file target.tsv (TSV, C-alpha atoms)
chain	number	residue	atom	x	y	z
A	1	MET	CA	15.66	-10.59	26.59
A	2	SER	CA	14.25	-13.66	24.86
A	3	THR	CA	13.27	-13.38	21.21
A	4	ARG	CA	9.62	-14.22	22.03
A	5	LYS	CA	9.38	-11.40	24.51
A	6	HIS	CA	11.17	-9.06	22.14
A	7	GLU	CA	8.72	-9.85	19.30
A	8	PHE	CA	5.73	-9.48	21.63
A	9	ILE	CA	6.84	-6.07	22.86
A	10	SER	CA	7.71	-4.88	19.34
A	11	GLY	CA	4.23	-5.87	18.13
A	12	ALA	CA	2.55	-3.96	20.94
A	13	ARG	CA	4.84	-0.96	20.46
A	14	ASP	CA	4.34	-0.78	16.67
A	15	SER	CA	0.57	-0.81	17.26
A	16	PHE	CA	0.73	2.29	19.45
A	17	PRO	CA	-0.38	4.78	16.74
A	18	LEU	CA	-3.35	2.52	16.03
A	19	LEU	CA	-4.30	2.46	19.72
A	20	LEU	CA	-4.50	6.23	19.46
A	21	GLY	CA	-6.73	5.92	16.38
A	22	ALA	CA	-9.02	3.40	18.10
A	23	PHE	CA	-9.67	5.44	21.24
A	24	PRO	CA	-12.18	7.99	19.84
A	25	PHE	CA	-13.78	5.19	17.83
A	26	GLY	CA	-14.33	3.03	20.96
A	27	LEU	CA	-15.60	5.97	22.96
A	28	ILE	CA	-18.34	6.86	20.45
A	29	TYR	CA	-19.27	3.21	20.03
A	30	GLY	CA	-19.99	3.06	23.77
A	31	ALA	CA	-21.97	6.28	23.69
A	32	LEU	CA	-23.99	5.23	20.63
A	33	ALA	CA	-24.69	1.77	22.07
A	34	THR	CA	-26.36	3.25	25.17
A	35	THR	CA	-28.63	5.43	23.06
A	36	SER	CA	-29.44	2.65	20.56
A	37	GLY	CA	-31.63	0.72	23.01
A	38	LEU	CA	-29.05	-1.97	23.80
A	39	SER	CA	-28.41	-2.52	27.52
A	40	PRO	CA	-24.93	-1.41	28.70
A	41	ALA	CA	-24.11	-5.07	29.47
A	42	ALA	CA	-24.99	-6.07	25.89
A	43	GLY	CA	-22.87	-3.22	24.54
A	44	MET	CA	-19.88	-4.42	26.54
A	45	ILE	CA	-20.32	-8.11	25.75
A	46	MET	CA	-20.58	-7.23	22.06
A	47	ALA	CA	-17.21	-5.46	22.24
A	48	LEU	CA	-15.68	-8.40	24.16
A	49	LEU	CA	-16.99	-11.19	21.91
A	50	VAL	CA	-17.25	-9.60	18.45
A	51	PHE	CA	-14.24	-7.25	18.63
A	52	ALA	CA	-14.75	-5.63	15.23
A	53	GLY	CA	-15.02	-1.83	15.31
A	54	SER	CA	-16.78	-1.07	12.05
A	55	ALA	CA	-19.23	-4.00	12.46
A	56	GLN	CA	-20.07	-2.96	16.05
A	57	PHE	CA	-20.67	0.57	14.84
A	58	ILE	CA	-22.96	-0.47	12.01
A	59	ALA	CA	-24.78	-2.93	14.32
A	60	VAL	CA	-25.70	-0.36	16.98
A	61	GLY	CA	-26.94	1.92	14.20
A	62	LEU	CA	-29.15	-0.88	12.88
A	63	VAL	CA	-30.36	-1.74	16.42
A	64	ALA	CA	-31.39	1.89	16.87
A	65	ALA	CA	-33.29	1.66	13.56
A	66	GLN	CA	-35.01	-1.52	14.88
A	67	VAL	CA	-33.72	-3.68	12.04
A	68	PRO	CA	-34.35	-7.46	12.60
A	69	VAL	CA	-31.54	-9.45	14.26
A	70	THR	CA	-31.04	-11.73	11.24
A	71	ILE	CA	-30.40	-8.73	8.95
A	72	ILE	CA	-27.89	-7.27	11.43
A	73	ILE	CA	-26.02	-10.58	11.57
A	74	LEU	CA	-26.02	-10.81	7.76
A	75	THR	CA	-24.65	-7.27	7.48
A	76	THR	CA	-21.95	-8.09	10.04
A	77	PHE	CA	-21.01	-11.13	7.98
A	78	ILE	CA	-20.61	-9.09	4.81
A	79	VAL	CA	-18.74	-6.22	6.45
A	80	ASN	CA	-16.35	-8.71	8.07
A	81	LEU	CA	-15.77	-10.88	5.00
A	82	ARG	CA	-12.63	-8.81	4.43
A	83	HIS	CA	-11.12	-10.60	7.43
A	84	MET	CA	-11.19	-13.79	5.38
A	85	LEU	CA	-8.98	-12.03	2.85
A	86	TYR	CA	-6.66	-11.00	5.70
A	87	SER	CA	-6.44	-14.51	7.08
A	88	ALA	CA	-5.71	-15.80	3.57
A	89	THR	CA	-2.79	-13.39	3.40
A	90	LEU	CA	-1.38	-14.46	6.79
A	91	LEU	CA	-2.04	-18.14	6.18
A	92	PRO	CA	1.36	-19.04	4.68
A	93	HIS	CA	3.04	-17.62	7.80
A	94	LEU	CA	0.77	-19.24	10.38
A	95	LYS	CA	-0.12	-22.59	8.84
A	96	ASN	CA	2.46	-24.52	10.83
A	97	LEU	CA	1.27	-23.26	14.21
A	98	PRO	CA	-0.91	-25.44	16.46
A	99	GLN	CA	-4.62	-24.64	16.90
A	100	LYS	CA	-3.99	-23.13	20.34
A	101	TRP	CA	-2.24	-20.32	18.43
A	102	ARG	CA	-4.46	-20.17	15.35
A	103	ILE	CA	-7.73	-19.78	17.29
A	104	PRO	CA	-6.78	-16.75	19.42
A	105	LEU	CA	-4.86	-15.06	16.57
A	106	ALA	CA	-7.97	-15.47	14.37
A	107	PHE	CA	-10.26	-14.09	17.10
A	108	TRP	CA	-8.07	-11.00	17.46
A	109	LEU	CA	-7.49	-10.41	13.71
A	110	THR	CA	-8.47	-6.78	13.07
A	111	ASP	CA	-7.62	-4.34	10.27
A	112	GLU	CA	-5.06	-2.72	12.54
A	113	THR	CA	-3.28	-5.84	13.75
A	114	PHE	CA	-3.28	-7.17	10.20
A	115	ALA	CA	-1.74	-4.00	8.75
A	116	VAL	CA	1.03	-3.97	11.36
A	117	THR	CA	1.70	-7.71	11.38
A	118	VAL	CA	1.76	-8.35	7.63
A	119	ARG	CA	4.72	-5.98	7.34
A	120	ARG	CA	6.54	-7.90	10.08
A	121	PHE	CA	5.93	-11.21	8.31
A	122	GLN	CA	7.12	-9.77	5.00
A	123	ARG	CA	10.44	-8.61	6.46
A	124	GLU	CA	12.92	-11.28	5.57
A	125	ASP	CA	14.79	-12.31	8.65
A	126	ARG	CA	15.06	-15.64	10.32
A	127	SER	CA	12.98	-14.93	13.42
A	128	ARG	CA	10.93	-18.03	14.25
A	129	PHE	CA	8.68	-16.07	16.61
A	130	LYS	CA	6.93	-13.57	14.34
A	131	HIS	CA	3.59	-14.90	15.62
A	132	TRP	CA	4.57	-13.46	19.03
A	133	TYR	CA	4.73	-10.09	17.31
A	134	GLN	CA	1.13	-10.58	16.12
A	135	LEU	CA	0.12	-11.65	19.64
A	136	GLY	CA	1.62	-8.46	21.07
A	137	SER	CA	-0.28	-6.29	18.61
A	138	SER	CA	-3.51	-8.29	19.18
A	139	ILE	CA	-3.49	-7.99	22.96
A	140	ALA	CA	-2.59	-4.29	22.89
A	141	MET	CA	-5.48	-3.60	20.47
A	142	TYR	CA	-7.93	-5.75	22.47
A	143	VAL	CA	-7.23	-4.26	25.89
A	144	ASN	CA	-7.26	-0.72	24.49
A	145	TRP	CA	-10.55	-1.30	22.63
A	146	GLN	CA	-12.32	-2.75	25.68
A	147	PHE	CA	-11.17	0.15	27.84
A	148	TRP	CA	-12.50	2.86	25.53
A	149	CYS	CA	-15.74	1.02	24.68
A	150	GLY	CA	-16.31	0.51	28.42
A	151	LEU	CA	-15.66	4.16	29.18
A	152	GLY	CA	-18.03	5.21	26.37
A	153	LEU	CA	-20.72	2.91	27.82
A	154	VAL	CA	-20.25	4.28	31.35
A	155	LEU	CA	-20.32	7.90	30.22
A	156	GLY	CA	-23.08	7.00	27.76
A	157	ASP	CA	-25.66	9.71	27.30
A	158	ARG	CA	-23.69	11.97	29.64
A	159	ILE	CA	-21.61	12.79	26.54
A	160	PRO	CA	-23.97	15.23	24.82
A	161	ASP	CA	-24.40	14.64	21.07
A	162	ALA	CA	-21.45	12.21	20.92
A	163	ALA	CA	-22.04	11.48	17.24
A	164	GLY	CA	-21.81	15.17	16.34
A	165	TRP	CA	-18.32	15.64	17.74
A	166	GLY	CA	-16.72	14.25	14.63
A	167	LEU	CA	-14.56	11.75	16.54
A	168	ASP	CA	-15.42	9.29	13.78
A	169	VAL	CA	-12.79	11.07	11.67
A	170	ALA	CA	-10.30	8.85	13.53
A	171	MET	CA	-11.24	5.89	11.32
A	172	PRO	CA	-10.50	7.36	7.84
A	173	VAL	CA	-7.36	9.08	9.13
A	174	THR	CA	-6.06	5.84	10.69
A	175	PHE	CA	-6.89	3.84	7.57
A	176	ILE	CA	-5.09	6.39	5.35
A	177	GLY	CA	-2.00	5.90	7.52
A	178	MET	CA	-2.30	2.13	7.05
A	179	ILE	CA	-2.86	2.32	3.24
A	180	ILE	CA	0.12	4.56	2.38
A	181	PRO	CA	2.96	2.07	3.12
A	182	PHE	CA	1.38	-0.41	0.70
A	183	VAL	CA	1.43	2.04	-2.24
A	184	LYS	CA	5.04	1.68	-3.33
A	185	ASN	CA	4.67	0.74	-7.01
A	186	ILE	CA	2.40	1.37	-10.00
A	187	PRO	CA	0.20	-1.76	-9.69
A	188	MET	CA	-0.53	-0.89	-6.04
A	189	ALA	CA	-1.42	2.70	-6.97
A	190	ILE	CA	-3.78	1.46	-9.71
A	191	CYS	CA	-5.28	-1.03	-7.23
A	192	VAL	CA	-6.04	1.75	-4.73
A	193	LEU	CA	-7.46	4.07	-7.41
A	194	SER	CA	-9.73	1.33	-8.79
A	195	ALA	CA	-10.94	0.22	-5.37
A	196	GLY	CA	-11.67	3.84	-4.46
A	197	THR	CA	-13.56	4.54	-7.69
A	198	SER	CA	-15.51	1.33	-7.33
A	199	SER	CA	-16.44	2.15	-3.72
A	200	LEU	CA	-18.08	5.36	-4.95
A	201	LEU	CA	-19.88	3.64	-7.84
A	202	THR	CA	-21.29	0.86	-5.62
A	203	LEU	CA	-22.71	3.03	-2.83
A	204	GLY	CA	-26.23	1.96	-3.81
A	205	LEU	CA	-25.61	-1.72	-2.99
A	206	PRO	CA	-27.26	-2.97	0.23
A	207	TYR	CA	-25.48	-4.40	3.30
A	208	LYS	CA	-22.16	-2.68	2.49
A	209	LEU	CA	-21.63	-5.16	-0.36
A	210	GLY	CA	-19.77	-2.40	-2.21
A	211	ILE	CA	-16.73	-3.05	0.02
A	212	ILE	CA	-16.34	-6.60	-1.24
A	213	VAL	CA	-17.04	-5.67	-4.89
A	214	SER	CA	-14.47	-2.86	-4.66
A	215	ALA	CA	-11.90	-5.18	-3.07
A	216	PHE	CA	-12.13	-7.43	-6.12
A	217	ALA	CA	-12.00	-4.43	-8.49
A	218	GLY	CA	-8.78	-3.33	-6.78
A	219	ILE	CA	-7.23	-6.81	-6.77
A	220	PHE	CA	-7.95	-7.46	-10.46
A	221	SER	CA	-6.72	-4.09	-11.68
A	222	GLY	CA	-3.57	-4.47	-9.58
A	223	LEU	CA	-2.89	-7.93	-11.02
A	224	ILE	CA	-3.52	-6.77	-14.61
A	225	THR	CA	-1.27	-3.73	-14.19
A	226	ALA	CA	1.47	-5.91	-12.67
A	227	SER	CA	1.42	-8.26	-15.65
A	228	ILE	CA	1.54	-5.32	-18.12
A	229	VAL	CA	4.48	-3.77	-16.25
A	230	LYS	CA	6.26	-7.13	-16.21
A	231	ASN	CA	5.74	-7.77	-19.96
A	232	ARG	CA	7.02	-4.31	-20.85
A	233	LYS	CA	10.17	-4.83	-18.80
A	234	GLY	CA	10.62	-8.24	-20.44
A	235	GLY	CA	10.28	-6.65	-23.92
A	236	LEU	CA	12.98	-4.09	-23.20
A	237	ALA	CA	15.41	-6.71	-21.97
B	1	MET	CA	-29.89	-8.87	29.07
B	2	SER	CA	-32.67	-10.10	26.81
B	3	VAL	CA	-32.70	-13.26	24.70
B	4	ASN	CA	-32.72	-11.08	21.60
B	5	GLU	CA	-29.53	-9.33	22.70
B	6	TRP	CA	-27.81	-12.69	23.24
B	7	LEU	CA	-28.95	-13.90	19.82
B	8	LEU	CA	-27.64	-10.73	18.21
B	9	ILE	CA	-24.26	-10.84	19.95
B	10	LEU	CA	-23.66	-14.57	19.54
B	11	GLY	CA	-24.70	-14.38	15.88
B	12	MET	CA	-22.38	-11.46	15.21
B	13	ALA	CA	-19.55	-13.11	17.15
B	14	GLY	CA	-20.09	-16.36	15.22
B	15	VAL	CA	-19.94	-14.84	11.73
B	16	THR	CA	-17.02	-12.59	12.66
B	17	PHE	CA	-14.90	-15.34	14.20
B	18	GLY	CA	-15.95	-17.65	11.36
B	19	SER	CA	-14.63	-15.35	8.65
B	20	ARG	CA	-11.40	-14.77	10.60
B	21	TYR	CA	-10.79	-18.42	11.46
B	22	LEU	CA	-12.08	-20.50	8.52
B	23	LEU	CA	-8.87	-20.41	6.45
B	24	PHE	CA	-6.62	-20.78	9.52
B	25	GLY	CA	-8.60	-23.86	10.46
B	26	LEU	CA	-8.28	-25.39	7.01
B	27	ALA	CA	-4.57	-24.61	6.73
B	28	GLY	CA	-2.49	-27.60	5.74
B	29	ARG	CA	-5.50	-29.30	4.15
B	30	ILE	CA	-5.73	-26.92	1.19
B	31	ARG	CA	-3.09	-25.69	-1.22
B	32	MET	CA	-3.17	-22.16	-2.51
B	33	PRO	CA	-2.45	-21.63	-6.22
B	34	VAL	CA	0.36	-19.17	-7.05
B	35	TRP	CA	-1.92	-16.61	-8.74
B	36	MET	CA	-4.06	-16.48	-5.62
B	37	ALA	CA	-1.07	-15.97	-3.35
B	38	SER	CA	0.19	-13.08	-5.49
B	39	SER	CA	-3.27	-11.46	-5.59
B	40	LEU	CA	-3.47	-11.34	-1.78
B	41	GLN	CA	-0.98	-8.50	-1.45
B	42	TYR	CA	-3.61	-6.20	-3.00
B	43	VAL	CA	-6.30	-7.09	-0.46
B	44	PRO	CA	-5.50	-4.74	2.44
B	45	PRO	CA	-5.04	-1.49	0.48
B	46	ALA	CA	-8.11	-2.28	-1.68
B	47	VAL	CA	-10.41	-3.02	1.27
B	48	LEU	CA	-9.19	-0.14	3.42
B	49	THR	CA	-9.58	2.32	0.52
B	50	ALA	CA	-13.11	1.08	-0.16
B	51	ILE	CA	-14.06	1.78	3.47
B	52	THR	CA	-12.20	5.10	3.74
B	53	LEU	CA	-13.10	7.02	0.58
B	54	PRO	CA	-16.90	7.03	1.09
B	55	ALA	CA	-16.38	7.96	4.77
B	56	VAL	CA	-14.44	11.03	3.66
B	57	LEU	CA	-16.50	12.15	0.65
B	58	LEU	CA	-19.92	11.30	2.16
B	59	PRO	CA	-19.35	11.85	5.89
B	60	GLN	CA	-23.02	11.91	6.86
B	61	GLY	CA	-24.11	9.63	4.05
B	62	LYS	CA	-24.42	12.57	1.66
B	63	TRP	CA	-21.96	13.81	-0.96
B	64	HIS	CA	-19.90	16.67	0.45
B	65	ILE	CA	-17.00	17.65	-1.80
B	66	SER	CA	-16.10	21.16	-0.68
B	67	PRO	CA	-13.62	23.01	1.54
B	68	THR	CA	-16.35	23.12	4.19
B	69	ASN	CA	-16.04	19.32	4.64
B	70	PRO	CA	-13.51	18.91	7.50
B	71	TYR	CA	-13.32	15.13	6.87
B	72	LEU	CA	-12.00	15.85	3.38
B	73	ILE	CA	-9.48	18.41	4.66
B	74	ALA	CA	-8.29	15.96	7.36
B	75	ALA	CA	-7.92	13.19	4.77
B	76	LEU	CA	-5.91	15.42	2.40
B	77	ALA	CA	-3.65	16.48	5.28
B	78	ALA	CA	-3.17	12.84	6.32
B	79	VAL	CA	-2.34	11.76	2.75
B	80	GLY	CA	0.17	14.61	2.40
B	81	ILE	CA	1.96	13.97	5.68
B	82	GLY	CA	1.79	10.20	5.24
B	83	ALA	CA	3.29	10.34	1.74
B	84	VAL	CA	6.14	12.57	2.91
B	85	THR	CA	6.99	11.06	6.33
B	86	LYS	CA	5.72	7.45	5.95
B	87	ASN	CA	5.09	7.73	9.68
B	88	LEU	CA	1.81	6.29	10.99
B	89	LEU	CA	1.70	8.27	14.21
B	90	ALA	CA	2.43	11.57	12.40
B	91	THR	CA	-0.24	10.77	9.80
B	92	ILE	CA	-2.94	10.11	12.41
B	93	ALA	CA	-1.93	13.05	14.62
B	94	VAL	CA	-1.81	15.57	11.75
B	95	GLY	CA	-5.10	14.24	10.34
B	96	LEU	CA	-6.87	14.71	13.69
B	97	ILE	CA	-5.35	18.16	14.26
B	98	ALA	CA	-6.31	19.23	10.73
B	99	PHE	CA	-9.89	18.04	11.30
B	100	PHE	CA	-10.49	19.83	14.60
B	101	GLY	CA	-8.45	22.88	13.58
B	102	TRP	CA	-10.31	23.28	10.30
B	103	ARG	CA	-13.67	22.74	11.95
B	104	PHE	CA	-12.82	25.41	14.51
B	105	VAL	CA	-11.92	27.80	11.66
B	106	LEU	CA	-15.19	27.02	9.87
B	107	VAL	CA	-17.27	27.58	13.00
B	108	SER	CA	-15.48	30.88	13.70
B	109	VAL	CA	-15.75	32.19	10.15
B	110	LEU	CA	-19.18	30.99	9.05

call {"tool": "encode", "arguments": {"input": "target.tsv", "output": "structure tokens"}}
result
Amino acid sequence: MSTRKHEFISGARDSFPLLLGAFPFGLIYGALATTSGLSPAAGMIMALLVFAGSAQFIAVGLVAAQVPVTIIILTTFIVNLRHMLYSATLLPHLKNLPQKWRIPLAFWLTDETFAVTVRRFQREDRSRFKHWYQLGSSIAMYVNWQFWCGLGLVLGDRIPDAAGWGLDVAMPVTFIGMIIPFVKNIPMAICVLSAGTSSLLTLGLPYKLGIIVSAFAGIFSGLITASIVKNRKGGLA
Amino acid sequence: MSVNEWLLILGMAGVTFGSRYLLFGLAGRIRMPVWMASSLQYVPPAVLTAITLPAVLLPQGKWHISPTNPYLIAALAAVGIGAVTKNLLATIAVGLIAFFGWRFVLVSVL
């Protein structure tokens, strides 16, 4: 088996748990979209072209509340700003690829694919085809997402009280599974604690701005802790 | 589909792709300082935590810190299993089972 194919399949396979986490999420998105006032076609095209679970969710909620289009787009922008931080992290690994790679990998860059792929890039081996791993994860996530969103749209209001089922628990549970592997030293633990505390203190901010503020709170406290830990070790030596 | 729906979707698609692609597009033309590169490792856990914690403690947009909050029970189960096994599939599966199991218990008891 060629290395490209091997990387591609590994990426898809390592994303399997996240496919499981995305299925209830996609299903309720579809159901909520039909009751929000969007046409089923619009619900499907949104999933195909935007491909961002939390933003799609928030958007159909705002559509149902008859919020103006410009405000929904602004909210989407803010909620998805975190993807810029993800692309900044992957940049050193992808900067030598041609645009025909960078454009699709950017389009498909989700929380899930990022969490799986960044660990592949950080593993130090000489594979020259790690971007095929990201492609495998991306395509698995995309196809899976479209399937479940589509099914949710078709079933639509035939799923009684879809929002009340609690399927949305899939998101926090999936994210917890993605956070844990990162927390392997003290600065990371402090980063997570600070970001969490900040997210609770900034709940009053509009347009989900608290997410971005908390990201910076986590980053700064992690960096500060890392430099303290480093200085202390230096002092002992 | 209405014009408004197209505007909404194309606008959302534009800002989403824009934030995912901007830095990839500029790659090679900008140089990242060392401090910035080392700060990036904190981005994913910080962002994911900031989305997750409110979803668990305020599941319907209201504070709910009590054993009768199945989201909280599911999250605690997921953290416990995740910390011990470091296995993503086990973490998600146990979290979902804990949620629906605990909710079933609550409905039966209360």

call {"tool": "residues_around", "arguments": {"input": "target.tsv", "residues": "A:Ser214", "least_positions_apart": "2", "cutoff": "6 Å", "atoms": "only C-alpha atoms", "output": "list in words"}}
result
Ala195, Ser198, Ser199, Gly210, Ile211, Ile212, Phe216 and Ala217 of chain A

call {"tool": "atom_distance", "arguments": {"input": "target.tsv", "atom1": "atom CA of A:Phe57", "atom2": "atom CA of A:Leu38"}}
result
12.5 Å

call {"tool": "residues_around", "arguments": {"input": "target.tsv", "residues": "stretch 43-56 of chain A", "least_positions_apart": "6", "cutoff": "9 Å", "atoms": "only C-alpha atoms", "output": "MDAnalysis selection string"}}
result
(chainID A and resid 22 25:26 29:30 33:34 75:77 79:80 107:111 142 145:146 149:150 153 171) or (chainID B and resid 8:10 12:17)

call {"tool": "interface_residues", "arguments": {"input": "target.tsv", "of": "chain B", "to": "chain A", "cutoff": "7 Å", "atoms": "all atoms listed in the file", "output": "count of residues only"}}
result
46

call {"tool": "residues_around", "arguments": {"input": "target.tsv", "residues": "B:Phe104", "least_positions_apart": "4", "cutoff": "12 Å", "atoms": "only C-alpha atoms", "output": "MDAnalysis selection string"}}
result
(chainID A and resid 165:166) or (chainID B and resid 68 70 97:100 108:110)

call {"tool": "closest_residue", "arguments": {"input": "target.tsv", "among": "B:Asn87, B:Ile73, B:Ala93, B:Ser38", "to": "B:Val105", "atoms": "only C-alpha atoms"}}
result
B:Ile73

call {"tool": "atom_distance", "arguments": {"input": "target.tsv", "atom1": "atom CA of A:Leu135", "atom2": "atom CA of A:Thr117"}}
result
9.3 Å

call {"tool": "atom_distance", "arguments": {"input": "target.tsv", "atom1": "atom CA of A:Ala12", "atom2": "atom CA of B:Val84"}}
result
24.7 Å

call {"tool": "closest_residue", "arguments": {"input": "target.tsv", "among": "A:Leu151, A:Val60, A:Val67, A:Leu19", "to": "A:Ser36", "atoms": "all atoms listed in the file"}}
result
A:Val60
